[in-house]
$ cat final30.tsv   # TSV, C-alpha atoms and all ligand atoms
chain	number	residue	atom	x	y	z
A	1274	MET	CA	19.30	162.79	61.54
A	1275	SER	CA	15.55	162.09	61.29
A	1276	ASP	CA	13.38	162.61	64.39
A	1277	HIS	CA	12.81	158.91	65.16
A	1278	ASN	CA	16.54	157.99	65.36
A	1279	ARG	CA	18.44	158.30	68.65
A	1280	GLY	CA	22.11	158.56	69.56
A	1281	MET	CA	24.92	158.92	67.04
A	1282	ASP	CA	24.04	159.77	63.39
A	1283	LEU	CA	25.53	156.93	61.34
A	1284	THR	CA	24.13	158.05	57.96
A	1285	CYS	CA	26.82	157.29	55.34
A	1286	LEU	CA	25.09	156.11	52.21
A	1287	PRO	CA	23.48	159.05	50.36
A	1288	GLY	CA	25.61	161.40	48.32
A	1289	THR	CA	27.18	159.29	45.60
A	1290	GLN	CA	25.28	158.53	42.44
A	1291	ALA	CA	25.93	155.02	41.12
A	1292	PRO	CA	25.50	154.34	37.40
A	1293	ARG	CA	22.05	153.09	36.51
A	1294	VAL	CA	21.17	150.11	34.31
A	1295	THR	CA	17.59	149.44	33.25
A	1296	ILE	CA	16.75	145.89	32.26
A	1297	VAL	CA	13.55	145.60	30.23
A	1298	GLY	CA	12.20	142.07	30.68
A	1299	ALA	CA	12.52	140.55	34.14
A	1300	GLY	CA	12.45	136.96	32.95
A	1301	ASN	CA	15.23	134.39	33.29
A	1302	VAL	CA	17.96	136.40	31.56
A	1303	GLY	CA	16.82	139.79	32.86
A	1304	SER	CA	16.55	138.82	36.52
A	1305	THR	CA	19.83	136.87	36.50
A	1306	LEU	CA	21.56	139.81	34.82
A	1307	GLY	CA	20.14	142.15	37.47
A	1308	GLN	CA	21.56	139.87	40.16
A	1309	ARG	CA	25.00	139.77	38.52
A	1310	ILE	CA	25.15	143.56	38.13
A	1311	VAL	CA	24.21	144.44	41.70
A	1312	GLU	CA	26.16	141.65	43.37
A	1313	LYS	CA	29.30	142.68	41.48
A	1314	ASN	CA	28.69	146.29	42.60
A	1315	ILE	CA	28.62	147.44	38.97
A	1316	ALA	CA	25.49	149.65	38.99
A	1317	ASP	CA	22.06	150.25	40.46
A	1318	VAL	CA	19.41	148.35	38.53
A	1319	VAL	CA	15.81	149.00	37.46
A	1320	LEU	CA	13.98	145.82	36.43
A	1321	LEU	CA	10.94	146.45	34.22
A	1322	ASP	CA	8.37	143.89	33.09
A	1323	ILE	CA	4.73	143.76	32.05
A	1324	GLN	CA	3.97	140.75	34.28
A	1325	ALA	CA	2.10	142.18	37.26
A	1326	GLY	CA	4.17	142.12	40.43
A	1327	ARG	CA	7.07	140.09	39.01
A	1328	PRO	CA	9.74	142.81	38.73
A	1329	GLN	CA	8.74	144.27	42.11
A	1330	GLY	CA	8.89	140.86	43.79
A	1331	LEU	CA	12.24	139.95	42.23
A	1332	ALA	CA	13.72	143.32	43.13
A	1333	LEU	CA	12.64	142.99	46.76
A	1334	ASP	CA	14.04	139.46	46.91
A	1335	LEU	CA	17.38	140.68	45.49
A	1336	MET	CA	17.43	143.65	47.89
A	1337	GLU	CA	16.91	141.27	50.81
A	1338	ALA	CA	19.87	139.20	49.62
A	1339	ARG	CA	22.00	142.27	50.42
A	1340	GLY	CA	21.77	141.19	54.05
A	1341	VAL	CA	24.01	138.27	53.07
A	1342	GLU	CA	25.83	139.53	49.96
A	1343	HIS	CA	26.72	142.90	51.46
A	1344	HIS	CA	26.90	144.86	48.21
A	1345	ASP	CA	25.94	148.52	48.08
A	1346	ARG	CA	23.79	148.65	44.97
A	1347	THR	CA	20.01	149.00	44.85
A	1348	ILE	CA	17.53	147.27	42.59
A	1349	ILE	CA	13.93	148.32	42.03
A	1350	GLY	CA	11.14	146.61	40.09
A	1351	THR	CA	8.52	148.44	38.07
A	1352	ALA	CA	6.10	148.39	35.16
A	1353	ASP	CA	6.42	152.14	34.66
A	1354	TYR	CA	9.04	153.54	32.27
A	1355	ALA	CA	9.09	156.81	34.23
A	1356	ASP	CA	11.04	154.90	36.92
A	1357	THR	CA	13.82	154.16	34.41
A	1358	GLN	CA	14.65	157.82	33.72
A	1359	ASN	CA	18.27	158.78	32.99
A	1360	SER	CA	19.64	155.25	32.80
A	1361	ASP	CA	23.22	154.90	31.56
A	1362	ILE	CA	22.52	151.58	29.87
A	1363	ILE	CA	19.26	149.96	28.80
A	1364	VAL	CA	19.41	146.21	28.30
A	1365	ILE	CA	16.49	144.65	26.45
A	1366	THR	CA	15.74	141.05	27.32
A	1367	ALA	CA	11.97	141.33	26.82
A	1368	GLY	CA	10.48	138.79	24.46
A	1369	ILE	CA	9.77	135.15	23.92
A	1370	PRO	CA	12.43	132.41	24.16
A	1371	ARG	CA	12.34	129.51	21.70
A	1372	LYS	CA	10.97	126.04	22.40
A	1373	PRO	CA	12.56	122.70	21.42
A	1374	GLY	CA	12.46	122.24	17.65
A	1375	MET	CA	12.28	125.98	16.95
A	1376	SER	CA	15.04	128.12	15.48
A	1377	ARG	CA	15.71	131.60	16.87
A	1378	ASP	CA	14.33	132.99	13.60
A	1379	ASP	CA	10.91	131.53	14.42
A	1380	LEU	CA	10.66	134.29	17.05
A	1381	LEU	CA	11.00	137.05	14.45
A	1382	LYS	CA	7.50	138.42	14.29
A	1383	VAL	CA	6.47	138.35	17.93
A	1384	ASN	CA	9.77	139.68	19.26
A	1385	ALA	CA	10.06	142.36	16.55
A	1386	GLN	CA	6.87	143.96	17.83
A	1387	ILE	CA	8.00	143.78	21.46
A	1388	ILE	CA	11.48	145.17	20.70
A	1389	THR	CA	10.16	148.10	18.71
A	1390	ASP	CA	7.65	149.01	21.40
A	1391	VAL	CA	9.92	148.70	24.46
A	1392	THR	CA	12.85	150.45	22.78
A	1393	ARG	CA	10.76	153.54	22.00
A	1394	GLN	CA	9.42	153.72	25.54
A	1395	ALA	CA	12.79	153.16	27.23
A	1396	ILE	CA	14.76	155.62	25.07
A	1397	ALA	CA	12.13	158.32	25.60
A	1398	GLN	CA	13.14	158.26	29.30
A	1399	SER	CA	16.90	157.89	28.75
A	1400	PRO	CA	17.87	159.53	25.46
A	1401	ASN	CA	21.59	159.45	26.35
A	1402	ALA	CA	21.71	155.76	27.21
A	1403	ILE	CA	23.66	152.99	25.53
A	1404	LEU	CA	21.26	150.34	24.28
A	1405	MET	CA	22.13	146.65	24.57
A	1406	VAL	CA	19.90	144.02	22.99
A	1407	VAL	CA	19.66	140.40	24.14
A	1408	THR	CA	16.31	139.32	22.64
A	1409	ASN	CA	16.41	136.83	19.74
A	1410	PRO	CA	16.92	136.57	16.86
A	1411	LEU	CA	19.72	138.78	18.13
A	1412	ASP	CA	21.23	140.50	15.09
A	1413	VAL	CA	17.85	141.36	13.55
A	1414	MET	CA	16.44	142.60	16.89
A	1415	THR	CA	19.51	144.80	17.38
A	1416	TYR	CA	18.95	146.36	13.96
A	1417	LEU	CA	15.26	146.99	14.76
A	1418	ALA	CA	16.08	148.44	18.18
A	1419	TRP	CA	18.60	150.78	16.56
A	1420	GLN	CA	15.97	151.99	14.10
A	1421	ALA	CA	13.32	152.41	16.80
A	1422	SER	CA	15.75	154.23	19.11
A	1423	GLY	CA	16.98	156.92	16.75
A	1424	LEU	CA	20.40	156.59	18.45
A	1425	SER	CA	23.67	156.81	16.58
A	1426	PRO	CA	24.78	153.27	15.69
A	1427	GLU	CA	27.81	153.15	18.02
A	1428	ARG	CA	25.43	153.46	20.97
A	1429	VAL	CA	23.58	150.24	20.06
A	1430	ILE	CA	25.05	146.77	20.67
A	1431	GLY	CA	23.79	143.20	20.59
A	1432	MET	CA	24.97	140.56	23.07
A	1433	ALA	CA	25.82	137.15	21.61
A	1434	GLY	CA	29.50	136.88	20.66
A	1435	VAL	CA	30.70	136.86	24.27
A	1436	LEU	CA	28.28	133.99	24.97
A	1437	ASP	CA	29.21	132.02	21.86
A	1438	ALA	CA	32.93	132.52	22.59
A	1439	ALA	CA	32.39	131.47	26.23
A	1440	ARG	CA	30.79	128.24	25.01
A	1441	PHE	CA	33.65	127.57	22.59
A	1442	GLU	CA	36.14	128.29	25.41
A	1443	THR	CA	34.31	125.88	27.71
A	1444	PHE	CA	34.40	123.05	25.18
A	1445	ILE	CA	38.09	123.71	24.40
A	1446	ALA	CA	39.01	123.68	28.11
A	1447	LEU	CA	37.06	120.45	28.69
A	1448	GLU	CA	38.65	118.74	25.66
A	1449	LEU	CA	42.24	119.76	26.47
A	1450	LYS	CA	41.81	119.42	30.26
A	1451	VAL	CA	43.17	122.92	30.89
A	1452	SER	CA	41.98	125.75	33.08
A	1453	ILE	CA	39.31	127.86	31.39
A	1454	ALA	CA	41.33	130.89	32.54
A	1455	ASN	CA	43.96	130.01	29.92
A	1456	VAL	CA	41.50	129.83	27.03
A	1457	HIS	CA	40.45	132.69	24.73
A	1458	ALA	CA	38.15	132.16	21.77
A	1459	MET	CA	36.70	134.33	19.03
A	1460	VAL	CA	33.34	133.81	17.31
A	1461	LEU	CA	32.04	136.11	14.55
A	1462	GLY	CA	28.83	136.36	12.54
A	1463	GLY	CA	25.14	136.19	13.32
A	1464	HIS	CA	23.94	134.48	16.50
A	1465	GLY	CA	22.51	131.48	14.66
A	1466	ASP	CA	23.45	128.20	13.03
A	1467	LEU	CA	25.70	130.10	10.59
A	1468	MET	CA	27.89	131.75	13.24
A	1469	VAL	CA	31.63	131.64	12.50
A	1470	PRO	CA	33.84	130.28	15.32
A	1471	LEU	CA	37.50	131.06	14.50
A	1472	PRO	CA	39.91	128.28	15.62
A	1473	ARG	CA	42.94	130.25	14.34
A	1474	TYR	CA	42.07	133.11	16.72
A	1475	SER	CA	41.21	130.77	19.61
A	1476	THR	CA	44.11	130.04	21.91
A	1477	VAL	CA	45.29	128.30	25.07
A	1478	SER	CA	47.93	130.50	26.74
A	1479	GLY	CA	48.61	132.13	23.38
A	1480	ILE	CA	48.87	128.83	21.42
A	1481	PRO	CA	46.25	128.57	18.63
A	1482	ILE	CA	44.08	125.48	19.10
A	1483	THR	CA	44.95	124.50	15.51
A	1484	GLU	CA	48.34	123.49	16.98
A	1485	LEU	CA	46.78	121.53	19.84
A	1486	MET	CA	43.99	119.45	18.27
A	1487	ASP	CA	43.35	117.64	15.00
A	1488	GLU	CA	40.86	119.07	12.50
A	1489	GLU	CA	38.14	116.55	13.30
A	1490	THR	CA	38.19	117.35	17.02
A	1491	ILE	CA	38.14	121.10	16.33
A	1492	GLN	CA	35.18	120.63	13.99
A	1493	GLN	CA	33.27	118.77	16.72
A	1494	LEU	CA	33.83	121.66	19.14
A	1495	VAL	CA	32.85	124.20	16.47
A	1496	ASP	CA	29.62	122.30	15.76
A	1497	ARG	CA	28.80	122.04	19.46
A	1498	THR	CA	29.36	125.80	19.80
A	1499	ARG	CA	27.06	126.55	16.85
A	1500	ASN	CA	24.46	124.30	18.44
A	1501	GLY	CA	25.12	125.55	21.99
A	1502	GLY	CA	21.80	127.35	22.50
A	1503	ALA	CA	19.74	124.52	20.99
A	1504	GLU	CA	21.53	121.91	23.13
A	1505	ILE	CA	20.33	123.70	26.27
A	1506	VAL	CA	16.82	124.32	24.90
A	1507	GLY	CA	16.60	120.58	24.16
A	1508	LEU	CA	17.74	119.63	27.66
A	1509	MET	CA	15.50	122.11	29.51
A	1510	GLN	CA	12.39	121.50	27.35
A	1511	ALA	CA	11.02	124.89	28.54
A	1512	GLY	CA	12.89	128.16	28.10
A	1513	SER	CA	16.48	128.68	27.04
A	1514	ALA	CA	19.89	129.34	28.57
A	1515	TYR	CA	20.21	132.23	31.00
A	1516	PHE	CA	23.17	131.89	33.39
A	1517	ALA	CA	25.89	132.18	30.74
A	1518	PRO	CA	23.89	134.79	28.76
A	1519	ALA	CA	23.51	136.92	31.91
A	1520	SER	CA	27.24	136.60	32.69
A	1521	SER	CA	28.04	137.65	29.12
A	1522	ALA	CA	25.79	140.72	29.19
A	1523	SER	CA	27.16	141.65	32.61
A	1524	LEU	CA	30.74	141.59	31.26
A	1525	MET	CA	29.72	143.95	28.47
A	1526	VAL	CA	27.91	146.29	30.87
A	1527	GLU	CA	31.02	146.39	33.05
A	1528	SER	CA	33.33	147.17	30.10
A	1529	ILE	CA	31.06	150.05	29.08
A	1530	LEU	CA	30.37	151.59	32.48
A	1531	PHE	CA	33.95	151.29	33.74
A	1532	ASN	CA	35.24	152.55	30.38
A	1533	ARG	CA	37.50	149.50	30.14
A	1534	SER	CA	37.56	149.38	26.33
A	1535	ARG	CA	37.66	145.59	26.37
A	1536	ILE	CA	37.80	143.91	22.98
A	1537	LEU	CA	34.71	141.71	23.00
A	1538	PRO	CA	32.75	140.09	20.17
A	1539	ALA	CA	29.32	141.73	19.89
A	1540	ALA	CA	26.72	142.63	17.28
A	1541	ALA	CA	27.78	146.06	16.02
A	1542	TYR	CA	26.75	148.27	13.14
A	1543	LEU	CA	28.97	147.73	10.12
A	1544	ASP	CA	29.79	150.52	7.75
A	1545	GLY	CA	32.09	148.85	5.25
A	1546	GLN	CA	34.04	146.61	7.65
A	1547	TYR	CA	34.37	143.04	6.36
A	1548	GLY	CA	32.81	144.32	3.11
A	1549	LEU	CA	29.43	144.75	4.85
A	1550	SER	CA	27.23	147.79	5.41
A	1551	ASP	CA	23.88	148.68	6.99
A	1552	ILE	CA	23.74	145.58	9.17
A	1553	PHE	CA	24.38	144.59	12.80
A	1554	LEU	CA	26.55	141.48	12.97
A	1555	GLY	CA	28.90	139.78	15.45
A	1556	VAL	CA	32.43	141.24	15.16
A	1557	PRO	CA	35.23	142.08	17.60
A	1558	THR	CA	34.36	145.45	19.16
A	1559	CYS	CA	36.00	147.83	21.56
A	1560	LEU	CA	33.41	148.60	24.28
A	1561	SER	CA	33.78	151.79	26.28
A	1562	ARG	CA	31.64	154.48	27.90
A	1563	GLN	CA	30.79	155.84	24.41
A	1564	GLY	CA	29.59	152.42	23.24
A	1565	VAL	CA	31.32	150.72	20.31
A	1566	THR	CA	34.38	152.88	19.78
A	1567	ARG	CA	35.94	150.51	17.23
A	1568	VAL	CA	35.19	147.47	15.12
A	1569	LEU	CA	38.35	145.42	14.69
A	1570	GLU	CA	38.91	143.85	11.29
A	1571	LEU	CA	40.63	140.50	11.66
A	1572	ASP	CA	42.60	139.04	8.80
A	1573	LEU	CA	40.29	136.17	7.81
A	1574	SER	CA	40.98	133.13	5.64
A	1575	ALA	CA	39.00	133.07	2.38
A	1576	GLU	CA	36.80	130.34	3.86
A	1577	ASP	CA	36.01	132.28	7.07
A	1578	TYR	CA	35.42	135.48	5.10
A	1579	GLN	CA	32.91	133.64	2.90
A	1580	ALA	CA	31.24	132.07	5.94
A	1581	LEU	CA	30.82	135.56	7.43
A	1582	GLN	CA	29.23	136.81	4.20
A	1583	THR	CA	26.81	133.85	4.21
A	1584	SER	CA	25.87	134.51	7.83
A	1585	ALA	CA	25.34	138.22	7.02
A	1586	GLN	CA	23.14	137.31	4.08
A	1587	ALA	CA	20.83	135.29	6.36
A	1588	VAL	CA	20.59	138.20	8.83
A	1589	ARG	CA	19.89	140.64	5.98
A	1590	GLN	CA	17.12	138.42	4.63
A	1591	ASN	CA	15.50	138.29	8.08
A	1592	ILE	CA	15.68	142.06	8.44
A	1593	ALA	CA	13.81	142.40	5.14
A	1594	THR	CA	11.22	139.79	6.18
A	1595	THR	CA	10.67	141.53	9.50
A	1596	LYS	CA	10.16	144.91	7.87
A	1597	THR	CA	7.43	143.34	5.73
A	1598	LEU	CA	5.85	141.61	8.73
A	1599	LEU	CA	5.80	144.83	10.75
A	1600	THR	CA	4.10	146.80	8.01
A	1601	ALA	CA	1.58	144.03	7.12
A	1701	LIG	N1	21.42	136.99	22.67
A	1701	LIG	C1	21.59	135.88	23.34
A	1701	LIG	O1	22.66	135.30	23.35
A	1701	LIG	C2	20.44	135.31	24.15
A	1701	LIG	C3	20.69	134.42	25.20
A	1701	LIG	C4	19.62	133.97	25.96
A	1701	LIG	C5	18.31	134.39	25.65
A	1701	LIG	N2	18.11	135.22	24.62
A	1701	LIG	C6	16.78	135.73	24.28
A	1701	LIG	O2	16.39	136.66	25.29
A	1701	LIG	C7	14.96	136.69	25.38
A	1701	LIG	C8	14.54	136.49	26.83
A	1701	LIG	O3	14.89	135.21	27.29
A	1701	LIG	P1	14.45	134.72	28.77
A	1701	LIG	O4	14.99	133.36	28.93
A	1701	LIG	O5	14.75	135.76	29.75
A	1701	LIG	O6	12.86	134.65	28.56
A	1701	LIG	P2	11.75	134.77	29.69
A	1701	LIG	O7	10.47	134.28	29.07
A	1701	LIG	O8	12.22	134.12	30.94
A	1701	LIG	O9	11.66	136.34	29.96
A	1701	LIG	C9	11.15	137.24	29.03
A	1701	LIG	C10	10.46	138.33	29.82
A	1701	LIG	O10	10.06	139.38	28.92
A	1701	LIG	C11	8.87	139.91	29.43
A	1701	LIG	N3	8.18	140.68	28.41
A	1701	LIG	C12	7.51	140.24	27.32
A	1701	LIG	N4	6.99	141.29	26.64
A	1701	LIG	C13	7.35	142.41	27.31
A	1701	LIG	C14	7.12	143.78	27.10
A	1701	LIG	N5	6.41	144.23	26.05
A	1701	LIG	N6	7.61	144.66	27.99
A	1701	LIG	C15	8.34	144.23	29.05
A	1701	LIG	N7	8.58	142.93	29.31
A	1701	LIG	C16	8.09	142.03	28.44
A	1701	LIG	C17	8.08	138.69	29.89
A	1701	LIG	O11	7.04	139.05	30.78
A	1701	LIG	C18	9.18	137.87	30.55
A	1701	LIG	O12	9.28	138.12	31.93
A	1701	LIG	C19	14.47	135.59	24.42
A	1701	LIG	O13	14.11	136.17	23.17
A	1701	LIG	C20	15.69	134.69	24.26
A	1701	LIG	O14	15.67	133.98	23.05
A	1701	LIG	C21	19.16	135.71	23.87
A	1702	LIG	O1	19.33	129.34	22.07
A	1702	LIG	C1	18.54	130.24	22.37
A	1702	LIG	O2	17.43	130.32	21.85
A	1702	LIG	C2	18.91	131.23	23.43
A	1702	LIG	C3	20.24	131.89	23.21
A	1702	LIG	O3	20.32	132.50	21.95
A	1702	LIG	C4	21.38	130.94	23.42
A	1702	LIG	O4	22.26	130.86	22.55
A	1702	LIG	O5	21.42	130.28	24.48

$ encode --input "final30.tsv" --output "structure tokens" --more "lines below"
Ligand SMILES: NC(=O)c1ccc[n+]([C@@H]2O[C@H](COP(=O)([O-])OP(=O)(O)OC[C@H]3O[C@@H](n4cnc5c(N)ncnc54)[C@H](O)[C@@H]3O)[C@@H](O)[C@H]2O)c1
Ligand SMILES: O=C(O)C[C@H](O)C(=O)O
Amino acid sequence: MSDHNRGMDLTCLPGTQAPRVTIVGAGNVGSTLGQRIVEKNIADVVLLDIQAGRPQGLALDLMEARGVEHHDRTIIGTADYADTQNSDIIVITAGIPRKPGMSRDDLLKVNAQIITDVTRQAIAQSPNAILMVVTNPLDVMTYLAWQASGLSPERVIGMAGVLDAARFETFIALELKVSIANVHAMVLGGHGDLMVPLPRYSTVSGIPITELMDEETIQQLVDRTRNGGAEIVGLMQAGSAYFAPASSASLMVESILFNRSRILPAAAYLDGQYGLSDIFLGVPTCLSRQGVTRVLELDLSAEDYQALQTSAQAVRQNIATTKTLLTA
């Protein structure tokens, strides 16, 4: 007991080491993700940002919420990578969000530089971490982060498929007037206009939606899913979605840290699966404490297989463009 305390020693907290998640970029997605992770008691969080005072202020605000939320996790804010040492997971949300009228690919150059820089600095402090990328354009940024990190590919993952599937699930539940808890959807491909929602693998209590809706209705929901990010950007007029993205990243963090091996769609490195190699692309993955322990190969229709190849081609082209931009 320290000298200034009197009476019974009630010290209970120190002694157990909680897992540690560093979130680089304490903007809308980063700060909301930090909140989700601590309030669900998943891990302690370090929020890092270059905006003076912002991560420190947000962290203090979230710590003070513990008086009401009563979780046991801590959150600190910093601009110094030394404070992120030995993190179990590093989530990168640093970068610029798009504005109305822009595509995610318009962020290529500016975010490529940020991703490369922050990945190097973060991994230098936590060489054994799993790296999760959120910054857009997602599949290209995940590839760049992998290259900058020097990590083996199964330790690098991009978050998008969980979000895209959650949007598809939401629209299905609204259309069929069923509980969202009964709906499971699958979306593959790059996180862009060419993503590949899979109605045949999207179900309500095990029943494929192809048996519950006509083709035209399904196509409307597919189109709304593909346009899900832009719909919100258009409504907000400044910034992009962050509540559902933060929930999606939090689910992935939980599956990794708790070694749950959930099958979740995410951008993973492909080494021959779906006929594709040397690319990160949205596929069903098994997420555990080692990272991506498996990429599941679904039996796709010829049309869906082709759509996946087209989506991959667009991602590949952007990777090549970015490499040129970074060396120019
Ligand atoms: N993958 C997805 O599904 C998905 C979903 C939502 C958003 N995003 C993307 O995530 C990114 C962040 O979105 P947001 O809404 O949080 O944006 P935001 O502008 O609210 O936050 C970005 C933060 O990054 C910080 N930052 C910029 N450069 C940095 C650097 N070098 N080091 C540390 N911090 C830095 C900024 O100061 C800012 O606080 C965007 O690129 C957005 O497009 C992706
Ligand atoms: O749409 C965006 O630019 C942000 C994100 O990728 C999303 O899908 O909400």

$ closest_residue --input "final30.tsv" --among "A:Ile1323, A:Asp1356, A:Gln1546, A:Thr1347" --to "Ile1387 in chain A" --atoms "all atoms listed in the file"
A:Ile1323

$ residues_around --input "final30.tsv" --residues "Gln1386 in chain A" --least-positions-apart "4" --cutoff "12 Å" --atoms "all atoms listed in the file" --output "list in words"
Ala1367, Gly1368, Ile1369, Leu1380, Leu1381, Lys1382, Asp1390, Val1391, Thr1392, Arg1393, Thr1408, Met1414, Leu1417, Ala1418, Ala1421, Thr1595, Lys1596, Leu1598, Leu1599, Thr1600 and Ala1601 of chain A

$ closest_atom_pairs --input "final30.tsv" --of "range 1491-1529 of chain A" --to "range 1454-1471 of chain A" --cutoff "9 Å" --atoms "only C-alpha atoms" --output "CSV"
residue,atom,partner,partner_atom,distance
A:Val1495,CA,A:Pro1470,CA,6.3
A:Asp1496,CA,A:Asp1466,CA,9.0
A:Thr1498,CA,A:Pro1470,CA,7.8
A:Arg1499,CA,A:Asp1466,CA,5.5
A:Asn1500,CA,A:Asp1466,CA,6.7
A:Gly1502,CA,A:Gly1465,CA,8.9

$ write_last_selection --input "final30.tsv" --atoms "C-alpha atoms" --output "mmCIF file, in the coordinates of the input"
data_model
loop_
_atom_site.group_PDB
_atom_site.id
_atom_site.type_symbol
_atom_site.label_atom_id
_atom_site.label_comp_id
_atom_site.auth_asym_id
_atom_site.auth_seq_id
_atom_site.Cartn_x
_atom_site.Cartn_y
_atom_site.Cartn_z
ATOM 1 C CA VAL A 1495 32.850 124.200 16.470
ATOM 2 C CA ASP A 1496 29.620 122.300 15.760
ATOM 3 C CA THR A 1498 29.360 125.800 19.800
ATOM 4 C CA ARG A 1499 27.060 126.550 16.850
ATOM 5 C CA ASN A 1500 24.460 124.300 18.440
ATOM 6 C CA GLY A 1502 21.800 127.350 22.500
#

$ closest_residue --input "final30.tsv" --among "A:Glu1342, A:Asp1334, A:Asp1437, A:Asp1361" --to "ligand LIG 1701 (chain A)" --atoms "only C-alpha atoms and all ligand atoms"
A:Asp1437

$ residues_near_point --input "final30.tsv" --point "(30.7, 139.4, -1.8)" --cutoff "8 Å" --atoms "all atoms listed in the file" --output "PDB file with C-alpha atoms, in the frame of the given file"
ATOM      1  CA  GLY A1548      32.810 144.320   3.110  1.00  0.00           C
ATOM      2  CA  GLN A1579      32.910 133.640   2.900  1.00  0.00           C
ATOM      3  CA  GLN A1582      29.230 136.810   4.200  1.00  0.00           C
TER       4      GLN A1582
END

$ residues_near_ligand --input "final30.tsv" --ligand "ligand LIG 1701 (chain A)" --cutoff "8 Å" --atoms "only C-alpha atoms and all ligand atoms" --output "number ranges by chain"
A: 1297-1304, 1321-1324, 1327, 1352, 1366-1371, 1377, 1380, 1384, 1387-1388, 1390-1391, 1406-1411, 1431-1434, 1436-1437, 1464, 1502, 1512-1515, 1517-1519

$ axis_aligned_box --input "final30.tsv" --around "range 1320-1334 of chain A" --padding-each-side "6 Å" --output "JSON"
{"center_x": 8.1, "center_y": 143.0, "center_z": 39.5, "size_x": 23.9, "size_y": 19.0, "size_z": 26.9}

$ atom_distance --input "final30.tsv" --atom1 "CA of Ala1540 in chain A" --atom2 "CA of Arg1589 in chain A"
13.4 Å
